[in-house]
Amino acid sequence: MNIVLIFLAAIAAIIIWWLAGQRLTSKPWLETGSVQMPDHLGIERVPVPAVKIGLFVFLGVVGAVFSLAVSAYFMRAASADWWGMPVPRLLWVNTAALALSSAALQWAKREAQHGRMQNLRPALVTGLALAVFFLVGQIQAWRELTAAGYVLADNPANSFFYMLTGLHGLHILGGLAVLAHTTVKAFAADVSPERLRLSVDLSAIYSHFMLAVWLVLFALFAGWANDFVDLCRTLIS
C-alpha cells in the first residue's frame, strides 16, 4: 500500500507542477470576467479569471477521483482472481490522437493570444476533430475486446478497464461540448480573438490535464505502472 501511495503522490506532484506552470505563463490580465486579487504590502497582483479558478478546483476533484480509482486498481490487482487483459494496438493510435489534439489546442491558445484569427480557426477544428477521433477509437477498442471475449463481467481486470476508460471518455466528452461551442463561435462573423481568448485557454488547460490522466491510465493497462511499483519495492527492500 505504501508503494501505491508513493506512485499516486508522484502523479499528483506532476499534475500540480504542470498546473503551476500554466498559472505562471498565463496572461489573465488580457482576459475578461476576472477577479482582482487584493494588493498586500505594495505587491501588484494580476487579476485571475474566476472561471479559471473554478476550472482548477474542478480538475483537482477529477484528479482525486482518478487517484482513488488507480489506488483501487492496484489493490484489486493483487487478488487471486485477477487476470490481465491485452492492450489493443488501437490504444496507441488513440493516445497519439489525444496528444495531437492537446498540441493543437496549445497552438490555438498561442494564436488567440497573438490575435491571429486566420490560424485560430484551423487550430480549434484540428483539436476538436482529433478529440472526436480519440473517442471513436476508444469505442472501437471496446468493440475489439468484447469481440475477443473480454467482456465486462469476465474478471476484475476487464471491469476496471471499461470503468476507467469510460469515466475518462465521459470527461473528454464534456470537454468536447465546450470546445465545440468555442469552435462554432470562432467562425462567427463578428467575433474577435480577444473574446475567445479565455475559452481557448480553458479548453487547452482541460485538454492537457485529460491527456495527463490518460497517460497514467495507459501506463496502468500496459503494465508500466506495475513495473514501477516492482522497482520501488526492490529499492526499498
# chains A, B, ... in the order shown; residues from 1 in each chain; ligands from 1
$ select_by_dssp --residues "segment 20-228 of chain A" --states "strand (DSSP E)" --output "list in words"
Ser34, Val35, Val48 and Pro49 of chain A
$ write_last_selection --atoms "all heavy atoms" --output "mmCIF file, in the first residue's frame"
data_model
loop_
_atom_site.group_PDB
_atom_site.id
_atom_site.type_symbol
_atom_site.label_atom_id
_atom_site.label_comp_id
_atom_site.auth_asym_id
_atom_site.auth_seq_id
_atom_site.Cartn_x
_atom_site.Cartn_y
_atom_site.Cartn_z
ATOM 1 N N SER A 34 -12.733 38.517 -14.922
ATOM 2 C CA SER A 34 -11.727 38.113 -13.961
ATOM 3 C C SER A 34 -11.992 38.743 -12.610
ATOM 4 O O SER A 34 -12.749 39.696 -12.471
ATOM 5 C CB SER A 34 -10.322 38.485 -14.454
ATOM 6 O OG SER A 34 -10.249 39.860 -14.727
ATOM 7 N N VAL A 35 -11.308 38.216 -11.609
ATOM 8 C CA VAL A 35 -11.427 38.705 -10.242
ATOM 9 C C VAL A 35 -10.117 39.384 -9.861
ATOM 10 O O VAL A 35 -9.047 38.789 -10.017
ATOM 11 C CB VAL A 35 -11.721 37.539 -9.273
ATOM 12 C CG1 VAL A 35 -11.729 38.046 -7.844
ATOM 13 C CG2 VAL A 35 -13.033 36.880 -9.630
ATOM 14 N N VAL A 48 -7.144 37.309 -11.705
ATOM 15 C CA VAL A 48 -7.288 35.905 -12.077
ATOM 16 C C VAL A 48 -8.736 35.664 -12.476
ATOM 17 O O VAL A 48 -9.640 35.966 -11.699
ATOM 18 C CB VAL A 48 -6.911 34.974 -10.902
ATOM 19 C CG1 VAL A 48 -7.076 33.514 -11.311
ATOM 20 C CG2 VAL A 48 -5.485 35.251 -10.452
ATOM 21 N N PRO A 49 -8.984 35.150 -13.669
ATOM 22 C CA PRO A 49 -10.370 34.890 -14.078
ATOM 23 C C PRO A 49 -11.043 33.921 -13.105
ATOM 24 O O PRO A 49 -10.483 32.871 -12.779
ATOM 25 C CB PRO A 49 -10.218 34.277 -15.466
ATOM 26 C CG PRO A 49 -8.876 34.720 -15.943
ATOM 27 C CD PRO A 49 -8.023 34.823 -14.726
#
$ closest_atom_pairs --of "segment 68-149 of chain A" --to "segment 154-167 of chain A" --cutoff "12 Å" --atoms "only C-alpha atoms" --output "CSV"
residue,atom,partner,partner_atom,distance
A:Leu68,CA,A:Leu164,CA,11.1
A:Ala69,CA,A:Leu164,CA,7.6
A:Val70,CA,A:Leu164,CA,8.7
A:Ser71,CA,A:Phe160,CA,11.4
A:Ala72,CA,A:Phe160,CA,9.1
A:Tyr73,CA,A:Phe160,CA,6.9
A:Phe74,CA,A:Phe160,CA,10.4
A:Met75,CA,A:Pro156,CA,11.2
A:Arg76,CA,A:Pro156,CA,7.6
A:Ala77,CA,A:Ala157,CA,7.3
A:Ala78,CA,A:Ala157,CA,10.8
A:Ser79,CA,A:Pro156,CA,9.2
A:Ala80,CA,A:Pro156,CA,10.3
A:Asp81,CA,A:Asn155,CA,7.0
A:Trp82,CA,A:Pro156,CA,5.9
A:Trp83,CA,A:Ala157,CA,6.2
A:Gly84,CA,A:Ala157,CA,5.9
A:Met85,CA,A:Ala157,CA,6.8
A:Pro86,CA,A:Asn158,CA,9.8
A:Val87,CA,A:Phe161,CA,9.8
A:Pro88,CA,A:Phe161,CA,11.6
A:Leu91,CA,A:Thr165,CA,10.7
A:Asn94,CA,A:Thr165,CA,11.8
A:Phe134,CA,A:Thr165,CA,11.4
A:Leu135,CA,A:Gly166,CA,9.8
A:Gly137,CA,A:Thr165,CA,11.5
A:Gln138,CA,A:Thr165,CA,7.8
A:Ile139,CA,A:Gly166,CA,9.2
A:Ala141,CA,A:Tyr162,CA,10.3
A:Trp142,CA,A:Tyr162,CA,7.7
A:Arg143,CA,A:Tyr162,CA,11.1
A:Leu145,CA,A:Asn158,CA,9.3
A:Thr146,CA,A:Asn158,CA,9.8
A:Ala148,CA,A:Asp154,CA,11.8
A:Gly149,CA,A:Asp154,CA,8.4
$ write_last_selection --atoms "N, CA, C and O atoms" --output "tab-separated table (two decimals), in the first residue's frame"
chain	number	residue	atom	x	y	z
A	68	LEU	N	-8.13	7.88	-6.63
A	68	LEU	CA	-8.78	6.83	-5.85
A	68	LEU	C	-9.03	5.59	-6.71
A	68	LEU	O	-8.87	4.45	-6.24
A	69	ALA	N	-9.42	5.81	-7.96
A	69	ALA	CA	-9.66	4.68	-8.85
A	69	ALA	C	-8.38	3.91	-9.13
A	69	ALA	O	-8.36	2.67	-9.17
A	70	VAL	N	-7.28	4.64	-9.31
A	70	VAL	CA	-5.99	3.99	-9.55
A	70	VAL	C	-5.55	3.21	-8.31
A	70	VAL	O	-5.02	2.09	-8.41
A	71	SER	N	-5.77	3.78	-7.13
A	71	SER	CA	-5.45	3.08	-5.89
A	71	SER	C	-6.24	1.78	-5.77
A	71	SER	O	-5.70	0.73	-5.41
A	72	ALA	N	-7.54	1.86	-6.09
A	72	ALA	CA	-8.37	0.65	-6.05
A	72	ALA	C	-7.89	-0.38	-7.08
A	72	ALA	O	-7.94	-1.59	-6.83
A	73	TYR	N	-7.43	0.10	-8.22
A	73	TYR	CA	-6.90	-0.79	-9.27
A	73	TYR	C	-5.72	-1.59	-8.74
A	73	TYR	O	-5.64	-2.81	-8.91
A	74	PHE	N	-4.79	-0.90	-8.08
A	74	PHE	CA	-3.60	-1.58	-7.56
A	74	PHE	C	-3.99	-2.61	-6.48
A	74	PHE	O	-3.46	-3.73	-6.47
A	75	MET	N	-4.87	-2.22	-5.60
A	75	MET	CA	-5.26	-3.14	-4.53
A	75	MET	C	-6.00	-4.35	-5.07
A	75	MET	O	-5.78	-5.48	-4.63
A	76	ARG	N	-6.87	-4.13	-6.05
A	76	ARG	CA	-7.63	-5.25	-6.62
A	76	ARG	C	-6.75	-6.15	-7.47
A	76	ARG	O	-6.99	-7.37	-7.57
A	77	ALA	N	-5.71	-5.59	-8.08
A	77	ALA	CA	-4.84	-6.38	-8.95
A	77	ALA	C	-4.05	-7.42	-8.17
A	77	ALA	O	-3.52	-8.37	-8.75
A	78	ALA	N	-3.96	-7.25	-6.85
A	78	ALA	CA	-3.23	-8.22	-6.02
A	78	ALA	C	-4.07	-9.45	-5.70
A	78	ALA	O	-3.56	-10.39	-5.09
A	79	SER	N	-5.33	-9.47	-6.10
A	79	SER	CA	-6.21	-10.59	-5.79
A	79	SER	C	-5.92	-11.78	-6.71
A	79	SER	O	-5.40	-11.63	-7.82
A	80	ALA	N	-6.31	-12.96	-6.23
A	80	ALA	CA	-6.03	-14.18	-6.99
A	80	ALA	C	-6.91	-14.32	-8.23
A	80	ALA	O	-6.55	-15.02	-9.18
A	81	ASP	N	-8.07	-13.64	-8.26
A	81	ASP	CA	-8.98	-13.77	-9.40
A	81	ASP	C	-8.73	-12.72	-10.46
A	81	ASP	O	-9.57	-12.47	-11.32
A	82	TRP	N	-7.57	-12.09	-10.41
A	82	TRP	CA	-7.24	-11.03	-11.38
A	82	TRP	C	-6.46	-11.63	-12.54
A	82	TRP	O	-5.40	-12.22	-12.37
A	83	TRP	N	-6.98	-11.50	-13.75
A	83	TRP	CA	-6.28	-11.92	-14.96
A	83	TRP	C	-6.11	-10.72	-15.86
A	83	TRP	O	-7.08	-10.04	-16.19
A	84	GLY	N	-4.89	-10.49	-16.24
A	84	GLY	CA	-4.61	-9.35	-17.12
A	84	GLY	C	-5.26	-9.51	-18.48
A	84	GLY	O	-5.52	-10.63	-18.94
A	85	MET	N	-5.50	-8.40	-19.13
A	85	MET	CA	-6.09	-8.41	-20.47
A	85	MET	C	-5.15	-7.70	-21.43
A	85	MET	O	-4.37	-6.83	-21.03
A	86	PRO	N	-5.17	-8.09	-22.70
A	86	PRO	CA	-4.26	-7.46	-23.66
A	86	PRO	C	-4.64	-6.01	-23.93
A	86	PRO	O	-5.81	-5.62	-23.81
A	87	VAL	N	-3.64	-5.23	-24.29
A	87	VAL	CA	-3.87	-3.83	-24.64
A	87	VAL	C	-4.04	-3.75	-26.15
A	87	VAL	O	-3.11	-4.07	-26.90
A	88	PRO	N	-5.20	-3.36	-26.65
A	88	PRO	CA	-5.38	-3.26	-28.11
A	88	PRO	C	-4.38	-2.29	-28.73
A	88	PRO	O	-4.07	-1.24	-28.15
A	91	LEU	N	-5.14	1.44	-29.03
A	91	LEU	CA	-4.94	2.41	-27.96
A	91	LEU	C	-3.71	3.29	-28.21
A	91	LEU	O	-3.66	4.44	-27.77
A	94	ASN	N	-4.98	5.90	-30.53
A	94	ASN	CA	-5.83	6.81	-29.78
A	94	ASN	C	-5.01	7.76	-28.91
A	94	ASN	O	-5.32	8.96	-28.81
A	134	PHE	N	-10.35	10.36	-31.02
A	134	PHE	CA	-9.96	9.60	-29.83
A	134	PHE	C	-11.15	8.86	-29.24
A	134	PHE	O	-11.06	7.66	-28.92
A	135	LEU	N	-12.27	9.55	-29.10
A	135	LEU	CA	-13.45	8.90	-28.52
A	135	LEU	C	-13.96	7.76	-29.40
A	135	LEU	O	-14.30	6.69	-28.90
A	137	GLY	N	-12.19	6.05	-31.44
A	137	GLY	CA	-11.20	4.98	-31.33
A	137	GLY	C	-11.35	4.18	-30.05
A	137	GLY	O	-11.16	2.96	-30.03
A	138	GLN	N	-11.70	4.85	-28.95
A	138	GLN	CA	-11.92	4.15	-27.68
A	138	GLN	C	-13.12	3.20	-27.78
A	138	GLN	O	-13.08	2.06	-27.28
A	139	ILE	N	-14.17	3.65	-28.44
A	139	ILE	CA	-15.34	2.79	-28.63
A	139	ILE	C	-14.98	1.58	-29.49
A	139	ILE	O	-15.39	0.45	-29.21
A	141	ALA	N	-12.03	0.24	-29.71
A	141	ALA	CA	-11.21	-0.65	-28.87
A	141	ALA	C	-12.09	-1.50	-27.97
A	141	ALA	O	-11.82	-2.70	-27.77
A	142	TRP	N	-13.14	-0.92	-27.42
A	142	TRP	CA	-14.10	-1.70	-26.63
A	142	TRP	C	-14.71	-2.82	-27.48
A	142	TRP	O	-14.83	-3.96	-27.02
A	143	ARG	N	-15.09	-2.50	-28.70
A	143	ARG	CA	-15.72	-3.49	-29.57
A	143	ARG	C	-14.76	-4.64	-29.89
A	143	ARG	O	-15.15	-5.81	-29.92
A	145	LEU	N	-12.29	-5.70	-28.01
A	145	LEU	CA	-12.08	-6.51	-26.81
A	145	LEU	C	-13.29	-7.40	-26.53
A	145	LEU	O	-13.13	-8.57	-26.19
A	146	THR	N	-14.49	-6.85	-26.66
A	146	THR	CA	-15.68	-7.67	-26.41
A	146	THR	C	-15.81	-8.76	-27.46
A	146	THR	O	-16.24	-9.88	-27.15
A	148	ALA	N	-13.39	-10.28	-28.79
A	148	ALA	CA	-12.38	-11.28	-28.46
A	148	ALA	C	-12.72	-12.03	-27.17
A	148	ALA	O	-11.95	-12.89	-26.74
A	149	GLY	N	-13.84	-11.70	-26.54
A	149	GLY	CA	-14.26	-12.40	-25.33
A	149	GLY	C	-13.93	-11.71	-24.03
A	149	GLY	O	-14.21	-12.26	-22.96
$ closest_residue --among "A:Leu120, A:Leu90, A:Val62, A:Val178" --to "Gln106 of chain A" --atoms "only C-alpha atoms"
A:Leu120
$ closest_residue --among "A:Pro193, A:Gly175, A:Gly127, A:Gly223" --to "Leu98 of chain A" --atoms "only C-alpha atoms"
A:Gly127
$ atom_distance --atom1 "atom CA of Pro122 of chain A" --atom2 "atom CA of Gln140 of chain A"
26.5 Å
$ closest_residue --among "A:Leu105, A:Ala50, A:Val93, A:Leu220" --to "Ile205 of chain A" --atoms "only C-alpha atoms"
A:Leu105
